[in-house]
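Below is one structure, written out as structure tokens, with a few remarks after it.
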Protein chains: 2
Amino acid sequence: MTYRLLYLNIRARGEPIRWLLRALEVEFEEERIDMFTEWGAKKEELKWGQTPVLEVDGEHLGQTTVICRYLGEKHDLAVEDSWTATRQQEAVEYLHDVSSLAAFAFYFRMKGDEEQKEFFMGRVRERLPMVVKNLEDLVTDEAGWLLSPKMTWVDVFVAAYLDQYVDMIDGLLEEAPKLQELLARVRSLPSIQEWLEARPALHEFESNEGL
Amino acid sequence: MTYRLLYLNIRARGEPIRWLLRALEVEFEEERIDMFTEWGAKKEELKWGQTPVLEVDGEHLGQTTVICRYLGEKHDLAVEDSWTATRQQEAVEYLHDVSSLAAFAFYFRMKGDEEQKEFFMGRVRERLPMVVKNLEDLVTDEAGWLLSPKMTWVDVFVAAYLDQYVDMIDGLLEEAPKLQELLARVRSLPSIQEWLEARPALHEFESNEGL
């Protein structure tokens, strides 16, 4: 099985997949597409016109949450019970949804449209604390993972998004000690730690400044 | 197993679940929440602050695509092979994504913000034909269902969204004869036909007029 990840040269929706591939310690190649100089042409080549895309033995698979679930199940980093998997997937989708709102906020900030930027940041500020509160309730007291006695792809996915969101809203994890701990534990996996040290710094347009 | 569906009194993201519950011929109750008079208070009661929600034996499950997959697998209207299920889920998510763009277009039209309405409709016009083209490629020549020799929840899901989108973009299914046929076959299931005759007419704010 060979993997190749295609995504823009930003964190956003590709970062959970990057973390997960590293947490799984599987080999993969990565193509980082420059948003401004390369994306226009690349988009035309992609069947669904979007990234992230994971090439699995040459076949393209899209959609962040689908890719992550696929990888988690394939490499035994998943729960077996189907109702639990459903509850995990629900949580994953709620957290992932915030990324669309944030993406529009970033887009309108880049366009200099303060009013629309504020509209979407308002939605992010409304949604994110609620999502965090609910995720906190899903972390088990004993093991400290989301709806599971052992770490699954869902923990890596949640950690990779929270890592991006903690700076966006002041005190986001203040009342979520279990998520703080979960994020710290995922960040301290050797393969993730290595990535955190090696990954490119944030572009100016990805920063939370002025959101 | 008792089911109760909570959603706004519109079609949109709730309609695929309504169609699926009927296609499965399972009993369920439905609470239709008025967008203008009831939603504000109801939102506060809901853990994730969003609908649709399916109550499963009193427990709340959210997210349209998660609910539909859950119901499909639970009631044997699903493929068994996990790679095929992954490919189906990918297609489902791409189609479902369009509903967020459309929702913003409807929202900004309601607010009388022509420029923002046009921004989001531009995205819908760009995405939807591409998604339809790709879905068409996934319909099998023999059986006429999406990546499956028999009808699955994915076909019902796709049909329920296409039923809403066919009027939005002129000639959307013109080059998609297999999807036209799939839509017609799902619409002609007795339980769906019954629903199409019984369901409330579109509200003015749900119409495609002026989009």
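Residue numbering restarts at 1 in every chain; chains get A, B, ... in the order shown in the structure tokens, and ligands count up from 1 in that same order.
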(message) Report as a ChimeraX atom specification all protein, DNA and RNA residues lying within 12 Å of A:Leu5, evaluated on only C-alpha atoms, omitting residues in the same chain fewer than 4 positions from it.
(response) /A:9,13-22,27-33,51-64,67-68
(message) Set the cut-off to 8 Å and count only C-alpha atoms: what are the residues of chain B that reach chain A? Output as a ChimeraX atom specification.
(response) /B:47-49,61-63,66,70,86-87,89-90,93-94,130-131,134
Convert the current residue selection to file output with N, CA and C atoms, as a PDB file, in the first residue's frame.
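Just written: part.pdb:
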```pdb
ATOM      1  N   LYS B  47     -27.825  19.790  22.441  1.00  0.00           N
ATOM      2  CA  LYS B  47     -26.444  19.709  22.900  1.00  0.00           C
ATOM      3  C   LYS B  47     -25.450  20.339  21.933  1.00  0.00           C
ATOM      4  N   TRP B  48     -25.607  20.068  20.643  1.00  0.00           N
ATOM      5  CA  TRP B  48     -24.662  20.603  19.659  1.00  0.00           C
ATOM      6  C   TRP B  48     -25.213  21.865  18.989  1.00  0.00           C
ATOM      7  N   GLY B  49     -26.398  22.301  19.411  1.00  0.00           N
ATOM      8  CA  GLY B  49     -26.953  23.548  18.884  1.00  0.00           C
ATOM      9  C   GLY B  49     -27.360  23.493  17.416  1.00  0.00           C
ATOM     10  N   LEU B  61     -28.540  11.785  18.015  1.00  0.00           N
ATOM     11  CA  LEU B  61     -27.441  11.618  17.063  1.00  0.00           C
ATOM     12  C   LEU B  61     -27.553  12.710  16.007  1.00  0.00           C
ATOM     13  N   GLY B  62     -26.461  13.421  15.769  1.00  0.00           N
ATOM     14  CA  GLY B  62     -26.491  14.534  14.830  1.00  0.00           C
ATOM     15  C   GLY B  62     -25.695  14.265  13.560  1.00  0.00           C
ATOM     16  N   GLN B  63     -25.754  15.208  12.637  1.00  0.00           N
ATOM     17  CA  GLN B  63     -25.019  15.196  11.365  1.00  0.00           C
ATOM     18  C   GLN B  63     -25.701  14.303  10.313  1.00  0.00           C
ATOM     19  N   VAL B  66     -23.879  11.241   8.901  1.00  0.00           N
ATOM     20  CA  VAL B  66     -23.650  10.222   9.942  1.00  0.00           C
ATOM     21  C   VAL B  66     -24.964   9.484  10.240  1.00  0.00           C
ATOM     22  N   TYR B  70     -25.612   5.559   9.496  1.00  0.00           N
ATOM     23  CA  TYR B  70     -26.042   4.741  10.638  1.00  0.00           C
ATOM     24  C   TYR B  70     -27.306   3.956  10.293  1.00  0.00           C
ATOM     25  N   THR B  86     -16.256   3.223   1.745  1.00  0.00           N
ATOM     26  CA  THR B  86     -15.435   4.439   1.823  1.00  0.00           C
ATOM     27  C   THR B  86     -15.651   5.303   0.587  1.00  0.00           C
ATOM     28  N   ARG B  87     -15.670   4.675  -0.601  1.00  0.00           N
ATOM     29  CA  ARG B  87     -15.881   5.434  -1.847  1.00  0.00           C
ATOM     30  C   ARG B  87     -17.277   6.047  -1.878  1.00  0.00           C
ATOM     31  N   GLN B  89     -18.995   6.911   0.785  1.00  0.00           N
ATOM     32  CA  GLN B  89     -19.007   7.986   1.786  1.00  0.00           C
ATOM     33  C   GLN B  89     -18.355   9.249   1.227  1.00  0.00           C
ATOM     34  N   GLU B  90     -17.288   9.053   0.458  1.00  0.00           N
ATOM     35  CA  GLU B  90     -16.618  10.184  -0.187  1.00  0.00           C
ATOM     36  C   GLU B  90     -17.614  10.942  -1.074  1.00  0.00           C
ATOM     37  N   GLU B  93     -20.186  12.850   0.932  1.00  0.00           N
ATOM     38  CA  GLU B  93     -19.687  14.077   1.571  1.00  0.00           C
ATOM     39  C   GLU B  93     -19.538  15.209   0.553  1.00  0.00           C
ATOM     40  N   TYR B  94     -19.104  14.876  -0.666  1.00  0.00           N
ATOM     41  CA  TYR B  94     -18.971  15.923  -1.680  1.00  0.00           C
ATOM     42  C   TYR B  94     -20.336  16.526  -2.029  1.00  0.00           C
ATOM     43  N   MET B 130     -19.920  19.617 -11.282  1.00  0.00           N
ATOM     44  CA  MET B 130     -18.772  18.729 -11.128  1.00  0.00           C
ATOM     45  C   MET B 130     -19.133  17.515 -10.258  1.00  0.00           C
ATOM     46  N   VAL B 131     -19.843  17.773  -9.192  1.00  0.00           N
ATOM     47  CA  VAL B 131     -20.255  16.683  -8.309  1.00  0.00           C
ATOM     48  C   VAL B 131     -21.202  15.743  -9.054  1.00  0.00           C
ATOM     49  N   ASN B 134     -19.328  13.514 -11.478  1.00  0.00           N
ATOM     50  CA  ASN B 134     -18.618  12.426 -10.796  1.00  0.00           C
ATOM     51  C   ASN B 134     -19.564  11.371 -10.243  1.00  0.00           C
TER      52      ASN B 134
END
```
Shell around B:Asp76 at 9 Å using only C-alpha atoms, local window under 5 positions removed, as a short mmCIF file (atom, residue, chain, number, x, y, z; two decimals) with C-alpha atoms, in the first residue's frame:
```cif
data_model
loop_
_atom_site.label_atom_id
_atom_site.label_comp_id
_atom_site.auth_asym_id
_atom_site.auth_seq_id
_atom_site.Cartn_x
_atom_site.Cartn_y
_atom_site.Cartn_z
CA LEU B 71 -29.58 4.01 9.43
CA THR B 152 -28.36 1.35 -0.70
CA TRP B 153 -28.89 4.33 1.61
#
```
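The spacing separating atom CA of B:Val139 from atom CA of B:Glu194 amounts to 25.4 Å.
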Which neighbours of A:Glu181 fall inside 12 Å, counting only C-alpha atoms, when residues of the same chain fewer than 2 positions from it are skipped, and could you give them as a short mmCIF file (atom, residue, chain, number, x, y, z; two decimals) with C-alpha atoms, in the first residue's frame?
```cif
data_model
loop_
_atom_site.label_atom_id
_atom_site.label_comp_id
_atom_site.auth_asym_id
_atom_site.auth_seq_id
_atom_site.Cartn_x
_atom_site.Cartn_y
_atom_site.Cartn_z
CA GLU A 136 -14.63 17.19 26.63
CA VAL A 139 -13.18 11.88 26.73
CA THR A 140 -13.22 8.88 29.05
CA ASP A 141 -12.16 9.52 32.64
CA ALA A 143 -8.02 6.27 29.63
CA GLY A 144 -8.38 9.89 28.55
CA TRP A 145 -9.26 9.13 24.92
CA LEU A 146 -12.41 9.95 22.98
CA ASP A 155 -7.94 11.44 19.06
CA ALA A 159 -5.76 16.98 18.51
CA LEU A 162 -7.41 21.76 18.41
CA LEU A 173 -9.50 24.78 26.44
CA GLU A 174 -9.59 26.47 29.85
CA GLU A 175 -12.53 24.42 31.07
CA ALA A 176 -11.52 21.32 29.15
CA PRO A 177 -8.72 19.72 31.19
CA LYS A 178 -9.21 16.30 29.61
CA LEU A 179 -8.82 17.70 26.10
CA LEU A 183 -3.73 17.24 23.03
CA ALA A 184 -0.50 17.12 25.06
CA ARG A 185 -0.34 13.34 24.80
CA VAL A 186 -0.87 13.28 21.04
CA ARG A 187 1.65 16.09 20.58
CA SER A 188 4.19 14.10 22.56
#
```
(request) Apply DSSP to the backbone of this structure and, from stretch 21-158 of chain A, keep only the residues in helix (DSSP H, G or I); write these as number ranges by chain. (result) A: 21-23, 39-45, 64-74, 82-110, 114-138, 153-158
(request) Enumerate as JSON, numbers by chain all residues of stretch 12-179 of chain B assigned to strand (DSSP E) by DSSP on the backbone, naming them with the chain letters and numbers the document uses. (result) {"B": [28, 29, 30, 31, 32, 33, 53, 54, 55, 56, 59, 60, 61, 62]}
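Coordinates place atom CA of A:His203 at a distance of 28.3 Å from atom CA of B:Val124.
Taking atom CA of B:Glu25 as the reference point, atom CA of B:Arg4 is found at 13.8 Å.
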(message) What's around A:Leu95 at 8 Å? Count only C-alpha atoms, leave out sequence neighbours fewer than 5 positions away in its own chain, and write the answer as a VMD selection string.
(response) chain A and resid 128 131 158 161
Would you export the selected residues with all heavy atoms as a PDB file, in the first residue's frame, please?
```pdb
ATOM      1  N   LEU A 128     -17.324  26.936  18.204  1.00  0.00           N
ATOM      2  CA  LEU A 128     -16.153  26.231  18.701  1.00  0.00           C
ATOM      3  C   LEU A 128     -16.205  25.914  20.207  1.00  0.00           C
ATOM      4  O   LEU A 128     -15.940  24.769  20.599  1.00  0.00           O
ATOM      5  CB  LEU A 128     -14.888  27.015  18.310  1.00  0.00           C
ATOM      6  CG  LEU A 128     -13.592  26.239  18.167  1.00  0.00           C
ATOM      7  CD1 LEU A 128     -13.757  24.934  17.421  1.00  0.00           C
ATOM      8  CD2 LEU A 128     -12.546  27.113  17.476  1.00  0.00           C
ATOM      9  N   VAL A 131     -18.575  23.028  20.689  1.00  0.00           N
ATOM     10  CA  VAL A 131     -18.000  21.774  20.217  1.00  0.00           C
ATOM     11  C   VAL A 131     -16.957  21.268  21.214  1.00  0.00           C
ATOM     12  O   VAL A 131     -16.940  20.082  21.568  1.00  0.00           O
ATOM     13  CB  VAL A 131     -17.388  21.937  18.799  1.00  0.00           C
ATOM     14  CG1 VAL A 131     -16.592  20.720  18.394  1.00  0.00           C
ATOM     15  CG2 VAL A 131     -18.488  22.220  17.771  1.00  0.00           C
ATOM     16  N   VAL A 158      -8.796  15.019  16.356  1.00  0.00           N
ATOM     17  CA  VAL A 158      -9.237  16.092  17.254  1.00  0.00           C
ATOM     18  C   VAL A 158      -8.034  16.927  17.705  1.00  0.00           C
ATOM     19  O   VAL A 158      -8.086  18.168  17.705  1.00  0.00           O
ATOM     20  CB  VAL A 158     -10.005  15.499  18.460  1.00  0.00           C
ATOM     21  CG1 VAL A 158     -10.175  16.526  19.579  1.00  0.00           C
ATOM     22  CG2 VAL A 158     -11.370  14.975  18.006  1.00  0.00           C
ATOM     23  N   TYR A 161      -6.768  19.358  14.965  1.00  0.00           N
ATOM     24  CA  TYR A 161      -7.603  20.557  14.809  1.00  0.00           C
ATOM     25  C   TYR A 161      -7.467  21.483  16.027  1.00  0.00           C
ATOM     26  O   TYR A 161      -7.342  22.698  15.878  1.00  0.00           O
ATOM     27  CB  TYR A 161      -9.072  20.188  14.590  1.00  0.00           C
ATOM     28  CG  TYR A 161      -9.491  20.116  13.128  1.00  0.00           C
ATOM     29  CD1 TYR A 161     -10.233  19.034  12.647  1.00  0.00           C
ATOM     30  CD2 TYR A 161      -9.178  21.134  12.226  1.00  0.00           C
ATOM     31  CE1 TYR A 161     -10.634  18.962  11.317  1.00  0.00           C
ATOM     32  CE2 TYR A 161      -9.574  21.069  10.886  1.00  0.00           C
ATOM     33  CZ  TYR A 161     -10.300  19.989  10.442  1.00  0.00           C
ATOM     34  OH  TYR A 161     -10.699  19.923   9.118  1.00  0.00           O
TER      35      TYR A 161
END
```
